[in-house]
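Trainee: Below is upload03.pdb; it holds PDB, C-alpha atoms.
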ATOM      1  CA  MET U  12     -11.303 -37.079 -10.468  1.00  0.00           C
ATOM      2  CA  SER U  13     -13.975 -35.708 -12.746  1.00  0.00           C
ATOM      3  CA  ASP U  14     -16.626 -35.962  -9.992  1.00  0.00           C
ATOM      4  CA  HIS U  15     -14.367 -34.067  -7.576  1.00  0.00           C
ATOM      5  CA  GLN U  16     -13.863 -31.286 -10.123  1.00  0.00           C
ATOM      6  CA  ASN U  17     -17.618 -31.028 -10.647  1.00  0.00           C
ATOM      7  CA  VAL U  18     -18.244 -30.715  -6.897  1.00  0.00           C
ATOM      8  CA  THR U  19     -15.563 -28.017  -6.626  1.00  0.00           C
ATOM      9  CA  THR U  20     -17.115 -26.082  -9.496  1.00  0.00           C
ATOM     10  CA  GLU U  21     -20.613 -26.343  -8.041  1.00  0.00           C
ATOM     11  CA  ASN U  22     -19.515 -25.156  -4.603  1.00  0.00           C
ATOM     12  CA  LYS U  23     -17.543 -22.244  -5.959  1.00  0.00           C
ATOM     13  CA  GLU U  24     -19.256 -18.918  -5.303  1.00  0.00           C
ATOM     14  CA  PRO U  25     -20.173 -17.116  -8.554  1.00  0.00           C
ATOM     15  CA  LYS U  26     -18.030 -13.998  -8.962  1.00  0.00           C
ATOM     16  CA  TRP U  27     -21.024 -11.808  -9.752  1.00  0.00           C
ATOM     17  CA  VAL U  28     -22.495 -12.436  -6.287  1.00  0.00           C
ATOM     18  CA  LYS U  29     -19.575 -10.750  -4.494  1.00  0.00           C
ATOM     19  CA  THR U  30     -19.611  -7.911  -7.019  1.00  0.00           C
ATOM     20  CA  LEU U  31     -23.347  -7.433  -6.483  1.00  0.00           C
ATOM     21  CA  VAL U  32     -23.049  -7.396  -2.690  1.00  0.00           C
ATOM     22  CA  ASP U  33     -19.974  -5.124  -2.631  1.00  0.00           C
ATOM     23  CA  TYR U  34     -20.899  -2.579  -5.285  1.00  0.00           C
ATOM     24  CA  GLY U  35     -24.595  -2.948  -6.191  1.00  0.00           C
ATOM     25  CA  PRO U  36     -25.973  -0.850  -3.311  1.00  0.00           C
ATOM     26  CA  LEU U  37     -23.267   1.798  -3.810  1.00  0.00           C
ATOM     27  CA  VAL U  38     -24.128   2.151  -7.510  1.00  0.00           C
ATOM     28  CA  ALA U  39     -27.841   2.355  -6.680  1.00  0.00           C
ATOM     29  CA  PHE U  40     -27.102   5.029  -4.039  1.00  0.00           C
ATOM     30  CA  PHE U  41     -25.100   7.153  -6.474  1.00  0.00           C
ATOM     31  CA  ILE U  42     -27.627   6.881  -9.327  1.00  0.00           C
ATOM     32  CA  THR U  43     -30.511   7.792  -7.015  1.00  0.00           C
ATOM     33  CA  TYR U  44     -28.699  10.818  -5.604  1.00  0.00           C
ATOM     34  CA  TRP U  45     -27.587  11.890  -9.080  1.00  0.00           C
ATOM     35  CA  LYS U  46     -31.175  11.755 -10.378  1.00  0.00           C
ATOM     36  CA  THR U  47     -33.009  13.177  -7.347  1.00  0.00           C
ATOM     37  CA  ASP U  48     -30.367  15.331  -5.630  1.00  0.00           C
ATOM     38  CA  ASP U  49     -31.960  14.019  -2.433  1.00  0.00           C
ATOM     39  CA  LEU U  50     -29.743  12.239   0.096  1.00  0.00           C
ATOM     40  CA  ILE U  51     -32.738  10.949   2.060  1.00  0.00           C
ATOM     41  CA  ASP U  52     -34.112   9.148  -1.018  1.00  0.00           C
ATOM     42  CA  ALA U  53     -30.641   7.804  -1.815  1.00  0.00           C
ATOM     43  CA  THR U  54     -30.407   6.522   1.765  1.00  0.00           C
ATOM     44  CA  LYS U  55     -33.687   4.624   1.401  1.00  0.00           C
ATOM     45  CA  VAL U  56     -32.386   3.048  -1.809  1.00  0.00           C
ATOM     46  CA  ILE U  57     -29.037   1.951  -0.350  1.00  0.00           C
ATOM     47  CA  MET U  58     -30.827   0.403   2.643  1.00  0.00           C
ATOM     48  CA  ALA U  59     -33.209  -1.566   0.411  1.00  0.00           C
ATOM     49  CA  THR U  60     -30.574  -2.678  -2.112  1.00  0.00           C
ATOM     50  CA  THR U  61     -28.129  -3.706   0.638  1.00  0.00           C
ATOM     51  CA  ALA U  62     -30.765  -5.942   2.221  1.00  0.00           C
ATOM     52  CA  ALA U  63     -31.694  -7.378  -1.193  1.00  0.00           C
ATOM     53  CA  ALA U  64     -28.049  -8.041  -2.149  1.00  0.00           C
ATOM     54  CA  ILE U  65     -27.347  -9.886   1.115  1.00  0.00           C
ATOM     55  CA  LEU U  66     -30.530 -11.934   0.720  1.00  0.00           C
ATOM     56  CA  ILE U  67     -29.512 -12.922  -2.826  1.00  0.00           C
ATOM     57  CA  SER U  68     -26.036 -13.860  -1.553  1.00  0.00           C
ATOM     58  CA  LEU U  69     -27.567 -15.997   1.202  1.00  0.00           C
ATOM     59  CA  ILE U  70     -29.860 -17.809  -1.215  1.00  0.00           C
ATOM     60  CA  ILE U  71     -27.104 -18.536  -3.751  1.00  0.00           C
ATOM     61  CA  THR U  72     -24.083 -19.210  -1.498  1.00  0.00           C
ATOM     62  CA  ARG U  73     -25.959 -20.506   1.601  1.00  0.00           C
ATOM     63  CA  LYS U  74     -23.788 -18.307   3.827  1.00  0.00           C
ATOM     64  CA  LEU U  75     -23.812 -14.751   5.119  1.00  0.00           C
ATOM     65  CA  PRO U  76     -20.951 -12.479   3.967  1.00  0.00           C
ATOM     66  CA  ILE U  77     -19.424 -11.120   7.199  1.00  0.00           C
ATOM     67  CA  MET U  78     -18.107  -7.688   6.177  1.00  0.00           C
ATOM     68  CA  PRO U  79     -21.167  -6.777   4.064  1.00  0.00           C
ATOM     69  CA  LEU U  80     -23.302  -7.916   7.009  1.00  0.00           C
ATOM     70  CA  VAL U  81     -21.503  -5.488   9.339  1.00  0.00           C
ATOM     71  CA  THR U  82     -21.947  -2.774   6.717  1.00  0.00           C
ATOM     72  CA  ALA U  83     -25.664  -3.599   6.411  1.00  0.00           C
ATOM     73  CA  ALA U  84     -26.129  -3.340  10.184  1.00  0.00           C
ATOM     74  CA  VAL U  85     -24.510   0.104  10.287  1.00  0.00           C
ATOM     75  CA  ILE U  86     -26.501   1.239   7.225  1.00  0.00           C
ATOM     76  CA  GLY U  87     -29.677   0.007   8.900  1.00  0.00           C
ATOM     77  CA  ILE U  88     -28.997   1.969  12.092  1.00  0.00           C
ATOM     78  CA  PHE U  89     -27.651   5.193  10.616  1.00  0.00           C
ATOM     79  CA  GLY U  90     -29.868   5.085   7.536  1.00  0.00           C
ATOM     80  CA  GLY U  91     -32.884   4.580   9.788  1.00  0.00           C
ATOM     81  CA  LEU U  92     -31.891   7.568  11.924  1.00  0.00           C
ATOM     82  CA  THR U  93     -31.342   9.661   8.783  1.00  0.00           C
ATOM     83  CA  ILE U  94     -34.845   8.894   7.512  1.00  0.00           C
ATOM     84  CA  TYR U  95     -36.622   9.048  10.895  1.00  0.00           C
ATOM     85  CA  LEU U  96     -35.032  12.358  11.962  1.00  0.00           C
ATOM     86  CA  ASN U  97     -34.770  13.709   8.394  1.00  0.00           C
ATOM     87  CA  ASP U  98     -31.139  14.548   9.145  1.00  0.00           C
ATOM     88  CA  GLU U  99     -28.365  13.823   6.606  1.00  0.00           C
ATOM     89  CA  THR U 100     -25.704  13.876   9.325  1.00  0.00           C
ATOM     90  CA  PHE U 101     -26.234  10.237  10.273  1.00  0.00           C
ATOM     91  CA  ILE U 102     -25.788   8.734   6.802  1.00  0.00           C
ATOM     92  CA  LYS U 103     -22.697  10.911   6.310  1.00  0.00           C
ATOM     93  CA  MET U 104     -21.224   9.449   9.498  1.00  0.00           C
ATOM     94  CA  LYS U 105     -21.877   5.893   8.294  1.00  0.00           C
ATOM     95  CA  PRO U 106     -18.530   5.397   6.465  1.00  0.00           C
ATOM     96  CA  THR U 107     -16.708   6.680   9.561  1.00  0.00           C
ATOM     97  CA  ILE U 108     -18.448   4.128  11.786  1.00  0.00           C
ATOM     98  CA  ILE U 109     -17.917   1.256   9.324  1.00  0.00           C
ATOM     99  CA  GLN U 110     -14.212   1.973   8.848  1.00  0.00           C
ATOM    100  CA  ALA U 111     -13.708   2.409  12.600  1.00  0.00           C
ATOM    101  CA  ALA U 112     -15.639  -0.821  13.276  1.00  0.00           C
ATOM    102  CA  PHE U 113     -13.434  -2.800  10.875  1.00  0.00           C
ATOM    103  CA  ALA U 114     -10.331  -1.316  12.538  1.00  0.00           C
ATOM    104  CA  LEU U 115     -11.695  -2.257  15.972  1.00  0.00           C
ATOM    105  CA  ILE U 116     -12.579  -5.820  14.944  1.00  0.00           C
ATOM    106  CA  LEU U 117      -9.156  -6.407  13.400  1.00  0.00           C
ATOM    107  CA  GLY U 118      -7.471  -4.746  16.378  1.00  0.00           C
ATOM    108  CA  VAL U 119      -9.227  -7.088  18.813  1.00  0.00           C
ATOM    109  CA  GLY U 120      -8.068  -9.985  16.634  1.00  0.00           C
ATOM    110  CA  VAL U 121      -4.448  -8.813  16.888  1.00  0.00           C
ATOM    111  CA  LEU U 122      -4.720  -8.542  20.692  1.00  0.00           C
ATOM    112  CA  LEU U 123      -6.172 -12.061  20.845  1.00  0.00           C
ATOM    113  CA  LYS U 124      -3.408 -13.282  18.502  1.00  0.00           C
ATOM    114  CA  LYS U 125      -5.988 -14.190  15.860  1.00  0.00           C
ATOM    115  CA  VAL U 126      -5.500 -13.565  12.130  1.00  0.00           C
ATOM    116  CA  TRP U 127      -9.085 -12.764  11.170  1.00  0.00           C
ATOM    117  CA  LEU U 128      -7.986 -10.957   8.015  1.00  0.00           C
ATOM    118  CA  LYS U 129      -6.920 -14.333   6.600  1.00  0.00           C
ATOM    119  CA  HIS U 130     -10.511 -15.587   6.886  1.00  0.00           C
ATOM    120  CA  LEU U 131     -11.898 -12.399   5.315  1.00  0.00           C
ATOM    121  CA  PHE U 132      -9.738 -13.079   2.252  1.00  0.00           C
ATOM    122  CA  GLY U 133     -11.538 -16.423   2.015  1.00  0.00           C
ATOM    123  CA  GLY U 134      -8.431 -18.543   1.534  1.00  0.00           C
ATOM    124  CA  ALA U 135      -7.507 -16.695  -1.670  1.00  0.00           C
ATOM    125  CA  MET U 136      -3.934 -16.313  -0.396  1.00  0.00           C
ATOM    126  CA  LYS U 137      -1.682 -18.391   1.831  1.00  0.00           C
ATOM    127  CA  MET U 138       0.868 -16.576   3.962  1.00  0.00           C
ATOM    128  CA  PRO U 139       2.562 -17.225   7.317  1.00  0.00           C
ATOM    129  CA  ASP U 140       0.585 -15.941  10.313  1.00  0.00           C
ATOM    130  CA  ALA U 141       3.310 -13.365  11.057  1.00  0.00           C
ATOM    131  CA  ALA U 142       2.783 -11.838   7.589  1.00  0.00           C
ATOM    132  CA  TRP U 143      -0.990 -11.825   8.117  1.00  0.00           C
ATOM    133  CA  ARG U 144      -0.508  -9.955  11.410  1.00  0.00           C
ATOM    134  CA  THR U 145       1.661  -7.330   9.712  1.00  0.00           C
ATOM    135  CA  LEU U 146      -0.906  -6.925   6.935  1.00  0.00           C
ATOM    136  CA  THR U 147      -3.690  -6.697   9.526  1.00  0.00           C
ATOM    137  CA  ILE U 148      -1.938  -3.831  11.319  1.00  0.00           C
ATOM    138  CA  ARG U 149      -1.558  -2.023   7.996  1.00  0.00           C
ATOM    139  CA  PHE U 150      -5.262  -2.484   7.272  1.00  0.00           C
ATOM    140  CA  ILE U 151      -6.126  -1.148  10.721  1.00  0.00           C
ATOM    141  CA  GLY U 152      -4.107   1.982   9.950  1.00  0.00           C
ATOM    142  CA  PHE U 153      -5.825   2.362   6.581  1.00  0.00           C
ATOM    143  CA  PHE U 154      -9.317   1.974   8.075  1.00  0.00           C
ATOM    144  CA  LEU U 155      -8.577   4.568  10.763  1.00  0.00           C
ATOM    145  CA  PHE U 156      -7.188   6.957   8.129  1.00  0.00           C
ATOM    146  CA  SER U 157     -10.316   6.474   5.965  1.00  0.00           C
ATOM    147  CA  ALA U 158     -12.586   7.092   8.963  1.00  0.00           C
ATOM    148  CA  ALA U 159     -10.777  10.325   9.825  1.00  0.00           C
ATOM    149  CA  LEU U 160     -10.808  11.455   6.187  1.00  0.00           C
ATOM    150  CA  ASN U 161     -14.560  10.880   5.887  1.00  0.00           C
ATOM    151  CA  GLU U 162     -15.113  13.013   8.991  1.00  0.00           C
ATOM    152  CA  ILE U 163     -13.064  15.835   7.493  1.00  0.00           C
ATOM    153  CA  VAL U 164     -14.839  15.672   4.116  1.00  0.00           C
ATOM    154  CA  TRP U 165     -18.446  15.574   5.306  1.00  0.00           C
ATOM    155  CA  ARG U 166     -17.893  18.242   7.946  1.00  0.00           C
ATOM    156  CA  THR U 167     -16.096  20.702   5.658  1.00  0.00           C
ATOM    157  CA  GLN U 168     -17.412  20.060   2.138  1.00  0.00           C
ATOM    158  CA  SER U 169     -20.731  20.135   0.274  1.00  0.00           C
ATOM    159  CA  THR U 170     -23.063  17.131   0.134  1.00  0.00           C
ATOM    160  CA  ASP U 171     -22.353  16.738  -3.602  1.00  0.00           C
ATOM    161  CA  LEU U 172     -18.626  16.505  -2.977  1.00  0.00           C
ATOM    162  CA  TRP U 173     -19.142  14.088  -0.068  1.00  0.00           C
ATOM    163  CA  VAL U 174     -21.291  11.759  -2.210  1.00  0.00           C
ATOM    164  CA  ASN U 175     -18.569  11.646  -4.866  1.00  0.00           C
ATOM    165  CA  PHE U 176     -15.964  11.031  -2.172  1.00  0.00           C
ATOM    166  CA  LYS U 177     -18.024   8.206  -0.661  1.00  0.00           C
ATOM    167  CA  VAL U 178     -18.728   6.503  -3.998  1.00  0.00           C
ATOM    168  CA  PHE U 179     -15.473   7.112  -5.864  1.00  0.00           C
ATOM    169  CA  GLY U 180     -12.916   8.528  -3.434  1.00  0.00           C
ATOM    170  CA  LEU U 181     -13.062   5.766  -0.822  1.00  0.00           C
ATOM    171  CA  LEU U 182     -13.153   3.127  -3.555  1.00  0.00           C
ATOM    172  CA  ILE U 183     -10.056   4.529  -5.267  1.00  0.00           C
ATOM    173  CA  LEU U 184      -8.277   4.853  -1.916  1.00  0.00           C
ATOM    174  CA  THR U 185      -9.092   1.234  -1.050  1.00  0.00           C
ATOM    175  CA  PHE U 186      -7.882  -0.149  -4.381  1.00  0.00           C
ATOM    176  CA  GLY U 187      -4.804   2.072  -4.165  1.00  0.00           C
ATOM    177  CA  PHE U 188      -3.999   0.850  -0.663  1.00  0.00           C
ATOM    178  CA  ILE U 189      -4.411  -2.802  -1.660  1.00  0.00           C
ATOM    179  CA  ALA U 190      -2.168  -2.196  -4.688  1.00  0.00           C
ATOM    180  CA  THR U 191       0.570  -0.845  -2.417  1.00  0.00           C
ATOM    181  CA  GLN U 192       0.352  -4.040  -0.338  1.00  0.00           C
ATOM    182  CA  MET U 193       0.673  -6.408  -3.304  1.00  0.00           C
ATOM    183  CA  PRO U 194       4.521  -6.547  -3.215  1.00  0.00           C
ATOM    184  CA  PHE U 195       4.382  -7.478   0.490  1.00  0.00           C
ATOM    185  CA  MET U 196       1.745 -10.166  -0.120  1.00  0.00           C
ATOM    186  CA  SER U 197       3.630 -11.565  -3.137  1.00  0.00           C
ATOM    187  CA  LYS U 198       6.849 -11.715  -1.125  1.00  0.00           C
ATOM    188  CA  HIS U 199       5.261 -13.736   1.689  1.00  0.00           C
ATOM    189  CA  MET U 200       2.852 -15.845  -0.345  1.00  0.00           C
ATOM    190  CA  ILE U 201       3.205 -19.589   0.136  1.00  0.00           C
ATOM    191  CA  ASP U 202       2.980 -21.740  -2.988  1.00  0.00           C
ATOM    192  CA  ASP U 203       1.076 -25.020  -2.618  1.00  0.00           C
ATOM    193  CA  GLU U 204       3.810 -26.685  -4.689  1.00  0.00           C
ATOM    194  CA  ASP U 205       6.561 -25.274  -2.462  1.00  0.00           C
ATOM    195  CA  LYS U 206       4.651 -26.395   0.598  1.00  0.00           C
ATOM    196  CA  ASN U 207       4.316 -29.930  -0.784  1.00  0.00           C
ATOM    197  CA  ASP U 208       8.001 -30.026  -1.739  1.00  0.00           C
ATOM    198  CA  ALA U 209       8.930 -28.996   1.785  1.00  0.00           C
TER     199      ALA U 209
END
I'd like the structure from this file rewritten - as structure tokens, please.
Mentor:
Amino acid sequence: MSDHQNVTTENKEPKWVKTLVDYGPLVAFFITYWKTDDLIDATKVIMATTAAAILISLIITRKLPIMPLVTAAVIGIFGGLTIYLNDETFIKMKPTIIQAAFALILGVGVLLKKVWLKHLFGGAMKMPDAAWRTLTIRFIGFFLFSAALNEIVWRTQSTDLWVNFKVFGLLILTFGFIATQMPFMSKHMIDDEDKNDA
């Protein structure tokens, strides 16, 4: 029993790794822009720190994080265009493309009757597939809303305001959306004990 617990502990991904991958590049991007007031320099930093964070995750967990990997690919393409063409438009479009890509991926999953969102949560919750499909559709709506909102902000507001929206606004919106879904997830969550009793 003790050996099994040790193996489980060793295989468990350290919490700081996910935090580093999810938020490290964003923090580096904001600090660089805040200090230099240069979006091109901030773009170079977020590209480098994203690659470094994913590499660290791969070394420590021995697996590639899917969603951050999609994000890194989009950052690589649009960040590269931003730097090569010296045009801020491309990096400002990046959140739109990422949010739309997540919506598309989840949408394809729904059409194929797959519950990919369940795998993205990494087994942290257990719900019936029907509940996962409902939650997936809600996430698709949220991603599409976020994509549209980013387009409105970067096309109508200053770069300073857009940077704050990208770093803080989208983050607050995401946490807020997840918070609104907690009652639904709690209602449909399956307890291991209940499952065993059944």
Trainee: With distances taken over all atoms listed in the file, which of U:Ile201, U:Leu184, U:Val85, U:Ala142 is nearest to Phe156 of chain U?
Mentor: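 Among the listed residues, the smallest separation from Phe156 of chain U belongs to U:Leu184.
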Trainee: Under the PyMOL selection byres ((chain U and resi 64) around 10), which residues of this model are included? Write them out as a list in words.
Mentor: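 In the shown coordinates, the PyMOL selection byres ((chain U and resi 64) around 10) covers Val28, Lys29, Thr30, Leu31, Val32, Asp33, Tyr34, Gly35, Pro36, Ala59, Thr60, Thr61, Ala62, Ala63, Ile65, Leu66, Ile67, Ser68, Leu69, Ile70, Pro79 and Ala83 of chain U.
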Trainee: How many Å lie between atom CA of Asn97 of chain U and atom CA of Ala158 of chain U, rounded to one decimal?
Mentor: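 Value for the atom CA of Asn97 of chain U-atom CA of Ala158 of chain U distance: 23.2 Å.
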Trainee: Hey, which of U:Ile102, U:Leu37, U:Glu162, U:Lys74 ends up closest to Thr54 of chain U? Count only C-alpha atoms.
Mentor: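 Once distances to Thr54 of chain U are computed over only C-alpha atoms, the minimum belongs to U:Ile102.
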Trainee: Pick from U:Phe132, U:Phe154, U:Tyr95, U:Phe188: nearest to Thr107 of chain U, with only C-alpha atoms counted?
Mentor: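 Checking each candidate against Thr107 of chain U, we get U:Phe154 as the closest.
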Trainee: Looking at U:Trp45, U:Phe153, U:Trp27, U:Phe186, which one is nearest to Ala111 of chain U, with distances taken over all atoms listed in the file?
Mentor: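 Of U:Trp45, U:Phe153, U:Trp27, U:Phe186, the one nearest Ala111 of chain U is U:Phe153, counting all atoms listed in the file.
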Trainee: Determine the residue membership of the PyMOL selection byres ((chain U and resi 114-124) around 9) for the file above and supply it as a PDB file with C-alpha atoms, in the coordinates of the input.
Mentor:
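Contents of selection03.pdb, as written:
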ATOM      1  CA  ILE U 109     -17.917   1.256   9.324  1.00  0.00           C
ATOM      2  CA  GLN U 110     -14.212   1.973   8.848  1.00  0.00           C
ATOM      3  CA  ALA U 111     -13.708   2.409  12.600  1.00  0.00           C
ATOM      4  CA  ALA U 112     -15.639  -0.821  13.276  1.00  0.00           C
ATOM      5  CA  PHE U 113     -13.434  -2.800  10.875  1.00  0.00           C
ATOM      6  CA  LYS U 125      -5.988 -14.190  15.860  1.00  0.00           C
ATOM      7  CA  VAL U 126      -5.500 -13.565  12.130  1.00  0.00           C
ATOM      8  CA  TRP U 127      -9.085 -12.764  11.170  1.00  0.00           C
ATOM      9  CA  LEU U 128      -7.986 -10.957   8.015  1.00  0.00           C
ATOM     10  CA  ARG U 144      -0.508  -9.955  11.410  1.00  0.00           C
ATOM     11  CA  THR U 147      -3.690  -6.697   9.526  1.00  0.00           C
ATOM     12  CA  ILE U 148      -1.938  -3.831  11.319  1.00  0.00           C
ATOM     13  CA  PHE U 150      -5.262  -2.484   7.272  1.00  0.00           C
ATOM     14  CA  ILE U 151      -6.126  -1.148  10.721  1.00  0.00           C
ATOM     15  CA  GLY U 152      -4.107   1.982   9.950  1.00  0.00           C
ATOM     16  CA  PHE U 153      -5.825   2.362   6.581  1.00  0.00           C
ATOM     17  CA  PHE U 154      -9.317   1.974   8.075  1.00  0.00           C
ATOM     18  CA  LEU U 155      -8.577   4.568  10.763  1.00  0.00           C
TER      19      LEU U 155
END
Trainee: As an exercise, work out the distance from atom CA of Pro139 of chain U to atom CA of Ile189 of chain U in Å and give it to one decimal place.
Mentor: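 Between atom CA of Pro139 of chain U and atom CA of Ile189 of chain U the gap is 18.4 Å.
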Trainee: Using all atoms listed in the file, which residue out of U:Ile94, U:Val81, U:Ile88, U:Met196 lies closest to Thr145 of chain U?
Mentor: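 Looking only at the distances to Thr145 of chain U, the closest residue turns out to be U:Met196.
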Trainee: What is the distance between atom CA of Met193 of chain U and atom CA of Leu146 of chain U, in Å to one decimal?
Mentor: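 Here the two named atoms are 10.4 Å from each other.
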Trainee: Using only C-alpha atoms, which residues sit within 7 Å of Glu99 of chain U once same-chain residues fewer than 4 positions away are excluded, as a PDB file with C-alpha atoms, in the frame of the given file?
Mentor:
ATOM      1  CA  LEU U  50     -29.743  12.239   0.096  1.00  0.00           C
ATOM      2  CA  ILE U  51     -32.738  10.949   2.060  1.00  0.00           C
ATOM      3  CA  THR U  93     -31.342   9.661   8.783  1.00  0.00           C
ATOM      4  CA  LYS U 103     -22.697  10.911   6.310  1.00  0.00           C
TER       5      LYS U 103
END
Trainee: Closest to Val178 of chain U among U:Ala141, U:Met78, U:His130, U:Asn161, using only C-alpha atoms?
Mentor: U:Asn161
Trainee: Might you pull out every residue within 8 Å of Phe89 of chain U, with all atoms listed in the file counted and same-chain residues fewer than 2 positions away left off, and present them as a list in words?
Mentor: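 In the requested form, the answer reads Val85, Ile86, Gly87, Gly91, Leu92, Thr93, Phe101, Ile102, Met104 and Lys105 of chain U.
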Trainee: Store the residues picked out above in a file with C-alpha atoms, as a PDB file, in the coordinates of the input.
Mentor:
ATOM      1  CA  VAL U  85     -24.510   0.104  10.287  1.00  0.00           C
ATOM      2  CA  ILE U  86     -26.501   1.239   7.225  1.00  0.00           C
ATOM      3  CA  GLY U  87     -29.677   0.007   8.900  1.00  0.00           C
ATOM      4  CA  GLY U  91     -32.884   4.580   9.788  1.00  0.00           C
ATOM      5  CA  LEU U  92     -31.891   7.568  11.924  1.00  0.00           C
ATOM      6  CA  THR U  93     -31.342   9.661   8.783  1.00  0.00           C
ATOM      7  CA  PHE U 101     -26.234  10.237  10.273  1.00  0.00           C
ATOM      8  CA  ILE U 102     -25.788   8.734   6.802  1.00  0.00           C
ATOM      9  CA  MET U 104     -21.224   9.449   9.498  1.00  0.00           C
ATOM     10  CA  LYS U 105     -21.877   5.893   8.294  1.00  0.00           C
TER      11      LYS U 105
END
